[in-house]
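Okay, model_15.txt now, which holds compact mmCIF, C-alpha atoms (C1' of nucleotides):
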# COMPACT_ATOMS: atom_id res chain seq x y z
CA MET A 1 83.55 149.64 110.78
CA SER A 2 81.43 150.70 107.81
CA ASN A 3 78.78 148.50 106.23
CA LYS A 4 80.97 147.85 103.25
CA ALA A 5 83.93 146.95 105.41
CA THR A 6 81.82 144.52 107.42
CA ALA A 7 80.52 142.99 104.20
CA ASN A 8 84.07 142.65 102.91
CA ARG A 9 85.20 141.01 106.10
CA ASN A 10 82.34 138.53 106.06
CA ARG A 11 82.99 137.73 102.43
CA ILE A 12 86.64 137.03 103.16
CA VAL A 13 85.65 134.64 105.96
CA ASP A 14 83.15 132.83 103.72
CA ILE A 15 85.65 132.44 100.90
CA ALA A 16 88.42 131.36 103.27
CA ASP A 17 86.08 128.82 104.79
CA GLN A 18 85.47 127.25 101.39
CA LEU A 19 89.12 127.33 100.39
CA PHE A 20 90.44 125.92 103.66
CA TYR A 21 87.98 123.08 103.23
CA SER A 22 88.51 122.31 99.56
CA LYS A 23 92.27 122.99 99.29
CA GLY A 24 93.45 122.78 102.87
CA PHE A 25 94.70 125.54 105.16
CA ASN A 26 98.37 125.51 104.19
CA GLN A 27 97.62 125.28 100.49
CA SER A 28 95.33 128.30 100.53
CA SER A 29 97.35 131.49 100.15
CA PHE A 30 96.46 135.10 100.90
CA THR A 31 96.40 135.68 97.17
CA ASP A 32 93.93 132.83 96.65
CA ILE A 33 91.58 134.24 99.25
CA ALA A 34 91.96 137.86 98.19
CA GLU A 35 91.32 137.08 94.54
CA ALA A 36 88.30 134.89 95.23
CA ALA A 37 86.88 137.52 97.58
CA ASP A 38 87.72 140.27 95.06
CA ILE A 39 89.74 142.27 97.55
CA PRO A 40 92.96 143.89 96.27
CA ARG A 41 96.06 142.23 97.67
CA GLY A 42 97.30 145.32 99.44
CA ASN A 43 94.00 146.13 101.00
CA PHE A 44 93.64 142.63 102.34
CA TYR A 45 95.81 143.33 105.34
CA TYR A 46 93.41 145.97 106.52
CA TYR A 47 91.01 143.16 107.36
CA PHE A 48 93.32 140.39 108.50
CA LYS A 49 96.91 140.75 109.61
CA THR A 50 97.76 137.05 109.61
CA LYS A 51 96.45 133.82 108.19
CA ASP A 52 95.93 132.56 111.72
CA GLU A 53 93.44 135.38 112.33
CA ILE A 54 91.47 134.31 109.27
CA LEU A 55 91.39 130.74 110.49
CA GLU A 56 90.18 131.92 113.88
CA SER A 57 87.27 133.74 112.25
CA VAL A 58 86.52 130.78 110.01
CA ILE A 59 86.40 128.43 112.98
CA ASP A 60 84.20 130.85 114.93
CA LYS A 61 81.81 130.88 112.02
CA ARG A 62 81.83 127.11 111.74
CA LEU A 63 81.31 126.77 115.49
CA SER A 64 78.21 128.95 115.52
CA TYR A 65 76.89 127.08 112.49
CA ILE A 66 77.32 123.75 114.25
CA LYS A 67 75.75 125.04 117.46
CA SER A 68 72.73 126.48 115.69
CA LYS A 69 72.28 123.24 113.78
CA LEU A 70 72.34 121.16 116.95
CA ALA A 71 70.04 123.65 118.71
CA GLY A 72 67.66 123.19 115.79
CA TYR A 73 67.64 119.43 116.31
CA GLU A 74 66.89 119.93 119.98
CA ALA A 75 64.02 122.28 119.22
CA GLN A 76 62.58 120.03 116.53
CA TYR A 77 62.96 116.59 118.07
CA ASP A 78 62.12 115.63 121.60
CA SER A 79 63.62 112.17 121.85
CA PRO A 80 67.39 111.76 122.08
CA GLN A 81 67.14 108.84 119.69
CA GLU A 82 65.59 110.99 116.98
CA ARG A 83 68.26 113.63 117.52
CA ILE A 84 71.07 111.12 117.10
CA LEU A 85 69.42 109.75 113.99
CA LYS A 86 69.27 113.28 112.58
CA PHE A 87 72.98 113.66 113.22
CA ILE A 88 73.61 110.51 111.20
CA GLU A 89 71.28 111.63 108.43
CA MET A 90 73.05 114.96 108.20
CA PHE A 91 76.18 113.00 107.46
CA ARG A 92 74.41 110.88 104.87
CA ASP A 93 72.91 113.91 103.15
CA ASP A 94 76.33 115.51 102.77
CA ALA A 95 77.67 112.44 100.99
CA GLU A 96 78.68 114.19 97.77
CA THR A 97 80.73 116.86 99.49
CA LEU A 98 82.28 114.31 101.84
CA ASN A 99 83.33 112.18 98.90
CA LEU A 100 85.03 115.19 97.35
CA HIS A 101 86.78 116.87 100.27
CA GLY A 102 86.32 114.68 103.33
CA CYS A 103 85.02 115.96 106.66
CA PRO A 104 85.72 119.68 107.22
CA MET A 105 86.51 119.07 110.88
CA GLY A 106 88.50 115.89 110.40
CA THR A 107 90.69 117.08 107.55
CA LEU A 108 91.39 120.41 109.23
CA ASN A 109 92.30 118.80 112.54
CA MET A 110 94.59 116.29 110.90
CA GLU A 111 96.32 118.95 108.86
CA LEU A 112 96.87 121.26 111.83
CA SER A 113 97.98 118.41 114.08
CA LYS A 114 100.96 117.86 111.81
CA THR A 115 102.57 121.26 111.88
CA GLN A 116 100.42 123.89 113.62
CA HIS A 117 99.87 122.61 117.12
CA GLU A 118 98.81 126.04 118.38
CA LEU A 119 96.01 126.40 115.86
CA ARG A 120 94.90 122.87 116.37
CA GLY A 121 93.28 123.66 119.71
CA MET A 122 90.78 125.91 117.98
CA ALA A 123 89.92 123.29 115.39
CA LYS A 124 89.40 120.72 118.10
CA GLN A 125 86.61 122.84 119.58
CA MET A 126 84.38 121.82 116.69
CA PHE A 127 84.73 118.20 117.67
CA ASP A 128 84.11 119.12 121.30
CA VAL A 129 80.73 120.63 120.48
CA TYR A 130 79.57 117.49 118.68
CA ARG A 131 81.14 115.24 121.28
CA ASN A 132 79.45 116.96 124.21
CA TRP A 133 76.11 117.18 122.46
CA LEU A 134 76.17 113.51 121.46
CA THR A 135 77.20 112.52 124.98
CA GLU A 136 74.15 114.33 126.37
CA GLN A 137 71.87 112.59 123.91
CA PHE A 138 73.27 109.16 124.73
CA ARG A 139 73.03 109.93 128.42
CA ALA A 140 69.35 110.73 127.97
CA LEU A 141 68.93 107.47 126.09
CA ASN A 142 69.90 105.71 129.31
CA THR A 143 71.92 102.94 127.73
CA LYS A 144 73.94 100.41 129.63
CA SER A 145 77.18 101.54 127.94
CA LYS A 146 78.78 104.81 129.01
CA PRO A 147 77.38 107.77 127.06
CA GLU A 148 80.86 109.30 126.60
CA GLU A 149 82.09 106.13 124.95
CA LEU A 150 79.05 105.81 122.71
CA ALA A 151 79.45 109.40 121.57
CA MET A 152 83.11 108.83 120.80
CA HIS A 153 82.29 105.59 119.03
CA LEU A 154 79.81 107.37 116.77
CA LEU A 155 82.38 110.06 115.97
CA VAL A 156 84.92 107.35 115.17
CA GLN A 157 82.50 105.80 112.71
CA THR A 158 81.60 109.02 110.94
CA GLN A 159 85.23 110.13 110.69
CA GLY A 160 86.36 106.79 109.32
CA LEU A 161 83.51 106.91 106.87
CA ALA A 162 84.62 110.35 105.71
CA VAL A 163 88.20 109.18 105.18
CA MET A 164 87.24 106.11 103.18
CA ALA A 165 84.60 107.99 101.20
CA GLN A 166 87.14 110.63 100.28
CA THR A 167 89.63 107.92 99.34
CA TYR A 168 87.38 105.72 97.22
CA ASN A 169 84.68 108.15 96.15
CA ASP A 170 82.10 105.40 96.38
CA PRO A 171 78.58 106.86 96.68
CA GLU A 172 77.25 103.58 98.04
CA LEU A 173 79.65 103.50 100.97
CA ILE A 174 78.15 106.37 102.94
CA LYS A 175 74.60 105.16 102.26
CA ARG A 176 75.40 101.66 103.43
CA GLU A 177 77.38 102.58 106.50
CA THR A 178 74.96 105.26 107.72
CA ARG A 179 72.16 102.71 107.36
CA GLU A 180 74.16 100.40 109.61
CA LEU A 181 74.79 103.23 112.04
CA LYS A 182 71.10 103.95 112.37
CA ARG A 183 70.46 100.26 113.00
CA TRP A 184 73.11 100.42 115.70
CA VAL A 185 71.33 103.33 117.40
CA PHE A 186 68.05 101.39 117.41
CA SER A 187 69.81 98.42 118.96
CA LEU A 188 71.04 100.36 121.99
CA MET B 1 125.22 103.57 90.97
CA SER B 2 127.94 103.30 93.61
CA ASN B 3 127.39 101.87 97.05
CA LYS B 4 127.55 105.28 98.57
CA ALA B 5 125.07 106.70 96.11
CA THR B 6 122.66 103.86 96.79
CA ALA B 7 123.05 104.41 100.50
CA ASN B 8 122.40 108.13 100.04
CA ARG B 9 119.32 107.46 97.99
CA ASN B 10 117.92 105.04 100.52
CA ARG B 11 118.62 107.46 103.34
CA ILE B 12 116.76 110.22 101.49
CA VAL B 13 113.75 107.95 101.06
CA ASP B 14 113.79 106.94 104.73
CA ILE B 15 114.02 110.53 105.91
CA ALA B 16 111.36 111.72 103.47
CA ASP B 17 109.11 108.91 104.64
CA GLN B 18 109.37 110.12 108.22
CA LEU B 19 108.93 113.78 107.32
CA PHE B 20 105.98 113.24 105.01
CA TYR B 21 104.33 111.34 107.83
CA SER B 22 105.11 113.66 110.71
CA LYS B 23 104.86 117.03 108.92
CA GLY B 24 102.83 116.22 105.84
CA PHE B 25 103.92 116.14 102.20
CA ASN B 26 103.37 119.80 101.34
CA GLN B 27 104.95 121.04 104.54
CA SER B 28 108.14 119.05 103.98
CA SER B 29 110.52 120.99 101.76
CA PHE B 30 113.54 119.85 99.79
CA THR B 31 115.63 121.73 102.30
CA ASP B 32 114.05 119.85 105.21
CA ILE B 33 114.76 116.50 103.60
CA ALA B 34 118.25 117.38 102.40
CA GLU B 35 119.30 118.70 105.80
CA ALA B 36 117.90 115.75 107.70
CA ALA B 37 119.53 113.31 105.28
CA ASP B 38 122.78 115.32 105.40
CA ILE B 39 122.93 115.77 101.65
CA PRO B 40 124.07 119.18 100.33
CA ARG B 41 121.20 121.10 98.75
CA GLY B 42 122.75 121.21 95.30
CA ASN B 43 123.69 117.58 95.24
CA PHE B 44 120.20 116.58 96.22
CA TYR B 45 118.92 116.88 92.66
CA TYR B 46 121.32 114.22 91.52
CA TYR B 47 119.15 111.72 93.38
CA PHE B 48 115.68 113.14 92.87
CA LYS B 49 114.61 115.63 90.25
CA THR B 50 111.20 116.41 91.72
CA LYS B 51 109.35 116.07 94.98
CA ASP B 52 106.84 113.83 93.25
CA GLU B 53 109.64 111.37 92.50
CA ILE B 54 110.53 111.25 96.18
CA LEU B 55 106.93 110.58 97.09
CA GLU B 56 106.81 107.80 94.53
CA SER B 57 109.82 106.12 96.11
CA VAL B 58 108.41 106.63 99.60
CA ILE B 59 105.13 105.00 98.61
CA ASP B 60 106.95 102.13 96.91
CA LYS B 61 108.85 101.54 100.11
CA ARG B 62 105.69 101.69 102.20
CA LEU B 63 103.91 99.35 99.81
CA SER B 64 106.56 96.68 100.04
CA TYR B 65 106.59 97.04 103.81
CA ILE B 66 102.84 96.51 103.97
CA LYS B 67 102.97 93.57 101.60
CA SER B 68 105.73 91.84 103.52
CA LYS B 69 103.86 92.39 106.76
CA LEU B 70 100.69 90.84 105.39
CA ALA B 71 102.66 88.00 103.84
CA GLY B 72 104.12 87.42 107.28
CA TYR B 73 100.65 87.11 108.78
CA GLU B 74 99.68 84.63 106.11
CA ALA B 75 102.77 82.53 106.75
CA GLN B 76 102.36 82.63 110.52
CA TYR B 77 98.61 82.18 110.93
CA ASP B 78 96.46 79.68 109.11
CA SER B 79 92.98 80.85 110.02
CA PRO B 80 91.59 84.01 108.41
CA GLN B 81 90.15 84.99 111.78
CA GLU B 82 93.59 84.99 113.40
CA ARG B 83 94.97 87.04 110.51
CA ILE B 84 92.26 89.68 110.86
CA LEU B 85 92.85 89.82 114.59
CA LYS B 86 96.54 90.40 113.93
CA PHE B 87 95.65 93.28 111.64
CA ILE B 88 93.64 94.85 114.47
CA GLU B 89 96.40 94.23 116.99
CA MET B 90 98.94 95.86 114.71
CA PHE B 91 96.78 98.95 114.90
CA ARG B 92 96.51 98.72 118.65
CA ASP B 93 100.26 98.28 119.06
CA ASP B 94 100.94 101.44 117.06
CA ALA B 95 98.73 103.51 119.35
CA GLU B 96 101.39 106.00 120.43
CA THR B 97 102.42 106.92 116.91
CA LEU B 98 98.81 107.07 115.76
CA ASN B 99 97.97 109.45 118.58
CA LEU B 100 100.80 111.71 117.48
CA HIS B 101 100.56 111.75 113.71
CA GLY B 102 97.45 109.79 112.72
CA CYS B 103 97.45 107.00 110.16
CA PRO B 104 100.25 107.33 107.57
CA MET B 105 97.92 106.16 104.80
CA GLY B 106 94.87 108.11 105.88
CA THR B 107 96.58 111.45 106.46
CA LEU B 108 98.54 111.22 103.21
CA ASN B 109 95.48 110.33 101.18
CA MET B 110 93.46 113.13 102.69
CA GLU B 111 96.19 115.66 102.08
CA LEU B 112 96.74 114.64 98.47
CA SER B 113 93.02 114.45 97.76
CA LYS B 114 92.77 118.15 98.42
CA THR B 115 95.25 119.51 95.92
CA GLN B 116 97.33 116.79 94.27
CA HIS B 117 94.85 114.54 92.53
CA GLU B 118 97.54 112.98 90.34
CA LEU B 119 99.67 111.84 93.25
CA ARG B 120 96.70 110.63 95.16
CA GLY B 121 96.34 107.56 92.95
CA MET B 122 99.68 106.29 94.22
CA ALA B 123 98.74 106.84 97.84
CA LYS B 124 95.47 105.02 97.34
CA GLN B 125 97.40 101.86 96.38
CA MET B 126 98.32 101.40 100.02
CA PHE B 127 94.67 101.20 100.95
CA ASP B 128 94.06 98.83 98.04
CA VAL B 129 96.58 96.34 99.37
CA TYR B 130 94.92 96.22 102.79
CA ARG B 131 91.46 96.27 101.30
CA ASN B 132 92.10 93.34 98.97
CA TRP B 133 93.89 91.34 101.61
CA LEU B 134 91.13 91.89 104.17
CA THR B 135 88.50 91.02 101.60
CA GLU B 136 90.24 87.71 100.97
CA GLN B 137 90.38 86.95 104.68
CA PHE B 138 86.69 87.74 105.18
CA ARG B 139 85.82 85.68 102.14
CA ALA B 140 87.64 82.73 103.65
CA LEU B 141 85.73 83.31 106.90
CA ASN B 142 82.59 82.52 104.95
CA THR B 143 80.36 85.06 106.65
CA LYS B 144 76.84 85.85 105.63
CA SER B 145 77.74 89.50 104.91
CA LYS B 146 79.68 90.36 101.77
CA PRO B 147 83.45 90.13 102.34
CA GLU B 148 84.09 93.37 100.41
CA GLU B 149 81.76 95.26 102.70
CA LEU B 150 83.22 93.76 105.86
CA ALA B 151 86.72 94.68 104.71
CA MET B 152 85.63 98.23 104.01
CA HIS B 153 83.82 98.41 107.32
CA LEU B 154 86.96 97.40 109.18
CA LEU B 155 88.97 100.02 107.31
CA VAL B 156 86.34 102.63 108.17
CA GLN B 157 86.67 101.75 111.85
CA THR B 158 90.45 101.89 111.93
CA GLN B 159 90.61 105.15 109.99
CA GLY B 160 88.03 106.82 112.21
CA LEU B 161 89.92 105.58 115.20
CA ALA B 162 93.11 107.12 113.86
CA VAL B 163 91.41 110.49 113.30
CA MET B 164 89.87 110.65 116.76
CA ALA B 165 93.03 109.37 118.43
CA GLN B 166 95.08 112.04 116.70
CA THR B 167 92.50 114.66 117.68
CA TYR B 168 92.10 113.77 121.34
CA ASN B 169 95.34 111.97 122.10
CA ASP B 170 93.51 109.61 124.42
CA PRO B 171 95.54 106.43 124.98
CA GLU B 172 92.45 104.59 126.20
CA LEU B 173 90.50 105.19 123.01
CA ILE B 174 92.50 102.92 120.74
CA LYS B 175 92.66 100.20 123.39
CA ARG B 176 88.91 100.27 123.95
CA GLU B 177 87.87 100.44 120.31
CA THR B 178 90.28 97.76 119.10
CA ARG B 179 88.95 95.51 121.88
CA GLU B 180 85.46 96.08 120.49
CA LEU B 181 86.69 95.43 116.98
CA LYS B 182 88.10 92.06 117.97
CA ARG B 183 84.82 91.22 119.63
CA TRP B 184 83.09 92.13 116.39
CA VAL B 185 85.33 89.75 114.43
CA PHE B 186 84.49 86.91 116.81
CA SER B 187 80.79 87.63 116.37
CA LEU B 188 80.85 87.19 112.60
C1' DG C 1 89.47 152.84 103.89
C1' DT C 2 91.83 151.85 99.34
C1' DC C 3 95.56 150.65 96.66
C1' DT C 4 100.52 150.42 94.75
C1' DA C 5 104.84 149.10 95.29
C1' DT C 6 107.81 146.28 97.17
C1' DA C 7 110.46 144.06 100.96
C1' DA C 8 112.03 139.62 102.75
C1' DT C 9 111.87 134.97 102.60
C1' DT C 10 111.13 130.42 100.93
C1' DC C 11 109.87 127.43 97.51
C1' DG C 12 111.04 123.93 93.73
C1' DA C 13 114.27 123.57 90.25
C1' DT C 14 118.53 124.36 86.86
C1' DA C 15 123.21 125.31 84.93
C1' DG C 16 127.55 124.37 85.05
C1' DA C 17 132.29 124.24 87.29
C1' DC C 18 134.96 120.84 89.55
C1' DG D 1 129.25 112.19 91.75
C1' DT D 2 129.76 116.67 94.30
C1' DC D 3 128.89 121.25 95.10
C1' DT D 4 128.12 126.44 94.29
C1' DA D 5 125.58 129.81 92.60
C1' DT D 6 121.45 131.20 91.26
C1' DC D 7 116.85 131.59 88.81
C1' DG D 8 111.92 132.46 88.72
C1' DA D 9 107.87 131.99 91.02
C1' DA D 10 105.21 132.24 95.10
C1' DT D 11 104.85 133.19 99.78
C1' DT D 12 103.64 136.35 103.98
C1' DA D 13 103.94 140.84 105.13
C1' DT D 14 104.94 146.19 105.37
C1' DA D 15 105.39 151.16 104.20
C1' DG D 16 103.28 154.80 102.60
C1' DA D 17 100.78 157.57 98.92
C1' DC D 18 96.07 158.66 97.94
Translate the structure described by the file into structure tokens.
Amino acid sequence: MSNKATANRNRIVDIADQLFYSKGFNQSSFTDIAEAADIPRGNFYYYFKTKDEILESVIDKRLSYIKSKLAGYEAQYDSPQERILKFIEMFRDDAETLNLHGCPMGTLNMELSKTQHELRGMAKQMFDVYRNWLTEQFRALNTKSKPEELAMHLLVQTQGLAVMAQTYNDPELIKRETRELKRWVFSL
Amino acid sequence: MSNKATANRNRIVDIADQLFYSKGFNQSSFTDIAEAADIPRGNFYYYFKTKDEILESVIDKRLSYIKSKLAGYEAQYDSPQERILKFIEMFRDDAETLNLHGCPMGTLNMELSKTQHELRGMAKQMFDVYRNWLTEQFRALNTKSKPEELAMHLLVQTQGLAVMAQTYNDPELIKRETRELKRWVFSL
DNA sequence: GTCTATAATTCGATAGAC
DNA sequence: GTCTATCGAATTATAGAC
């Protein structure tokens, strides 16, 4: 594949990533993506044969982004407590985007759960990465509760927060609830 | 409107309600609804001119269901604590459906937030009813935290629970987390 | 690799006969 | 009230010239 072709492909994935997040997977058409990526409609199929293939690439990209982010936390912070706090702060710092479009993982999983059960497995992987990573951190914290359950509990909180933030668009909500979440981590 | 016409209309709304929940609003077509309700495609437009109108009727139906349910709690239980516990138990008792399709309010709101901002206002009303009712119950509980924030916090928990239940389909998750939620209510 | 033209289907929605 | 026929737009996708 030539340099230009690779660049085109990457641009398509970036654009599709944004559109799937902001408009949803089913509501983003080939035309939408092609136009935004400035690729002629006909030529588009040279890069991706089906919408499912695009989603696969988008999720791969998101997965490596998540993994590199978590690896960064591990490199930068030694204590599991600090790492968990960073996870919560990441959520707090994305408040504006979350208010607008919800959680990229949560909204995608919910959408695909409804009608595209096959694709949903891929989307779930994103949650798995966070879930496993958080479980390891809680395990290292050596709490009396089970680390798996604490990790899941934290995911429940952040997902619920994303849903209610998206629904009510209240900038105070994410601030307040993430503050409480951090307090909860200290209390463990 | 004749008896038969009224019956047809109600059946359309019931079917649409189910389809919007299980498949999503955008993924449910006129054809889907008409076929499931056994109304000929052409005749369908006698009852509803647009899909938005159907959604409006579906939300009206859901709203009155929610209101009657909450009114039932108020009639049956005197203490605000008991009423809040019933709200949590309702969630727990719907575990199977939640695992399959998520929360009917949450998934609809998230879907409409993405591309149908106008319709989203209607869907938000469902949350408003719960939110206001819960706020009143927490106010009557006379806690030291603000009742509005407690109500929102409980909604955050249930919505996050719905997202993670739908994602992982773990029957234990809802049981465990609702148990914790009830404990939280007792601790207030 | 690029691009045009277009197939094939589905969508929401309408007109009008009965 | 019922039903047929159909429109126009949008959808995913393909064939084939350049």
Check: which chain B residues lie within 12 Å of chain C using all atoms listed in the file, as a PyMOL selection string: chain B and resi 26-32+41-46+48-52
Atomic distance CA of Thr107 in chain B - CA of Glu56 in chain B, expressed in Å with one decimal: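 Calculated distance between CA of Thr107 in chain B and CA of Glu56 in chain B is 16.1 Å.
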One-decimal distance in Å that lies between CA of Asn99 in chain B and CA of Lys124 in chain A: 14.2 Å
Distance filter 7 Å, only C-alpha atoms, chain A against chain B, as a ChimeraX atom specification: /A:22-24,101,106-107,109-110,114-115,124,156-161,163-164,167
Distance query Ala140 in chain A at most 9 Å, all atoms listed in the file, self and fewer than 6 positions along chain excluded, as a PyMOL selection string: chain A and resi 79-81+147
Could you list, with a cut-off of 12 Å and counting only C-alpha atoms (C1' of nucleotides), the residues of chain D near chain A, each shown with its nearest atom pair and the distance in Å rounded to one decimal, rows sorted by chain and ascending number, as JSON lines?
{"residue": "D:DA10", "atom": "C1'", "partner": "A:Ser29", "partner_atom": "CA", "distance": 9.4}
{"residue": "D:DT11", "atom": "C1'", "partner": "A:Ser29", "partner_atom": "CA", "distance": 7.7}
{"residue": "D:DT12", "atom": "C1'", "partner": "A:Phe30", "partner_atom": "CA", "distance": 7.9}
{"residue": "D:DA13", "atom": "C1'", "partner": "A:Lys49", "partner_atom": "CA", "distance": 8.3}
{"residue": "D:DT14", "atom": "C1'", "partner": "A:Tyr45", "partner_atom": "CA", "distance": 9.6}
{"residue": "D:DA15", "atom": "C1'", "partner": "A:Gly42", "partner_atom": "CA", "distance": 11.1}
{"residue": "D:DG16", "atom": "C1'", "partner": "A:Gly42", "partner_atom": "CA", "distance": 11.6}
So which residues fall inside 12 Å of (82.8, 148.6, 102.2) if we count only C-alpha atoms (C1' of nucleotides)? Mind giving them as a PDB file with C-alpha atoms (C1' of nucleotides), in the frame of the given file?
ATOM      1  CA  MET A   1      83.550 149.640 110.780  1.00  0.00           C
ATOM      2  CA  SER A   2      81.430 150.700 107.810  1.00  0.00           C
ATOM      3  CA  ASN A   3      78.780 148.500 106.230  1.00  0.00           C
ATOM      4  CA  LYS A   4      80.970 147.850 103.250  1.00  0.00           C
ATOM      5  CA  ALA A   5      83.930 146.950 105.410  1.00  0.00           C
ATOM      6  CA  THR A   6      81.820 144.520 107.420  1.00  0.00           C
ATOM      7  CA  ALA A   7      80.520 142.990 104.200  1.00  0.00           C
ATOM      8  CA  ASN A   8      84.070 142.650 102.910  1.00  0.00           C
ATOM      9  CA  ARG A   9      85.200 141.010 106.100  1.00  0.00           C
ATOM     10  CA  ASN A  10      82.340 138.530 106.060  1.00  0.00           C
ATOM     11  CA  ARG A  11      82.990 137.730 102.430  1.00  0.00           C
ATOM     12  CA  ILE A  39      89.740 142.270  97.550  1.00  0.00           C
ATOM     13  CA  ASN A  43      94.000 146.130 101.000  1.00  0.00           C
ATOM     14  CA  TYR A  46      93.410 145.970 106.520  1.00  0.00           C
ATOM     15  CA  TYR A  47      91.010 143.160 107.360  1.00  0.00           C
TER      16      TYR A  47
ATOM     17  C1'  DG C   1      89.470 152.840 103.890  1.00  0.00           C
ATOM     18  C1'  DT C   2      91.830 151.850  99.340  1.00  0.00           C
TER      19       DT C   2
END
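Counting all atoms listed in the file, Phe87 in chain B has the following residues at most 10 Å away, ignoring those fewer than 5 positions along the same chain: Lys69, Leu70, Tyr73, Gln81, Glu82, Arg92, Tyr130, Leu134, Leu154 and Lys182 of chain B.
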Can I get all heavy atoms for range 117-122 of chain A, as a short mmCIF file (atom, residue, chain, number, x, y, z; two decimals), in the first residue's frame?
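The result, stored in part-v5.cif:
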data_model
loop_
_atom_site.label_atom_id
_atom_site.label_comp_id
_atom_site.auth_asym_id
_atom_site.auth_seq_id
_atom_site.Cartn_x
_atom_site.Cartn_y
_atom_site.Cartn_z
N HIS A 117 -25.49 -8.01 17.43
CA HIS A 117 -24.87 -8.82 18.47
C HIS A 117 -23.47 -9.30 18.09
O HIS A 117 -22.62 -9.50 18.96
CB HIS A 117 -25.77 -10.00 18.81
CG HIS A 117 -26.84 -9.66 19.78
ND1 HIS A 117 -26.85 -10.13 21.06
CD2 HIS A 117 -27.90 -8.84 19.67
CE1 HIS A 117 -27.90 -9.64 21.70
NE2 HIS A 117 -28.55 -8.86 20.88
N GLU A 118 -23.24 -9.48 16.78
CA GLU A 118 -21.92 -9.98 16.35
C GLU A 118 -20.84 -8.94 16.60
O GLU A 118 -19.75 -9.25 17.09
CB GLU A 118 -21.95 -10.32 14.85
CG GLU A 118 -23.32 -10.67 14.29
CD GLU A 118 -24.21 -9.44 14.07
OE1 GLU A 118 -23.70 -8.46 13.53
OE2 GLU A 118 -25.39 -9.47 14.48
N LEU A 119 -21.17 -7.69 16.26
CA LEU A 119 -20.20 -6.61 16.40
C LEU A 119 -19.96 -6.25 17.86
O LEU A 119 -18.93 -5.69 18.23
CB LEU A 119 -20.68 -5.37 15.65
CG LEU A 119 -20.83 -5.50 14.15
CD1 LEU A 119 -21.38 -4.23 13.55
CD2 LEU A 119 -19.48 -5.83 13.53
N ARG A 120 -20.94 -6.57 18.66
CA ARG A 120 -20.90 -6.15 20.05
C ARG A 120 -19.72 -6.76 20.80
O ARG A 120 -19.15 -6.12 21.70
CB ARG A 120 -22.21 -6.55 20.70
CG ARG A 120 -22.34 -6.23 22.13
CD ARG A 120 -22.89 -7.45 22.83
NE ARG A 120 -23.15 -7.24 24.21
CZ ARG A 120 -24.08 -7.88 24.88
NH1 ARG A 120 -24.89 -8.70 24.24
NH2 ARG A 120 -24.20 -7.71 26.18
N GLY A 121 -19.34 -7.96 20.43
CA GLY A 121 -18.20 -8.61 21.07
C GLY A 121 -16.93 -7.78 20.97
O GLY A 121 -16.17 -7.68 21.93
N MET A 122 -16.73 -7.18 19.82
CA MET A 122 -15.56 -6.32 19.63
C MET A 122 -15.61 -5.11 20.56
O MET A 122 -14.62 -4.73 21.17
CB MET A 122 -15.49 -5.83 18.19
CG MET A 122 -15.22 -6.91 17.15
SD MET A 122 -14.65 -6.18 15.59
CE MET A 122 -16.07 -5.17 15.13
#
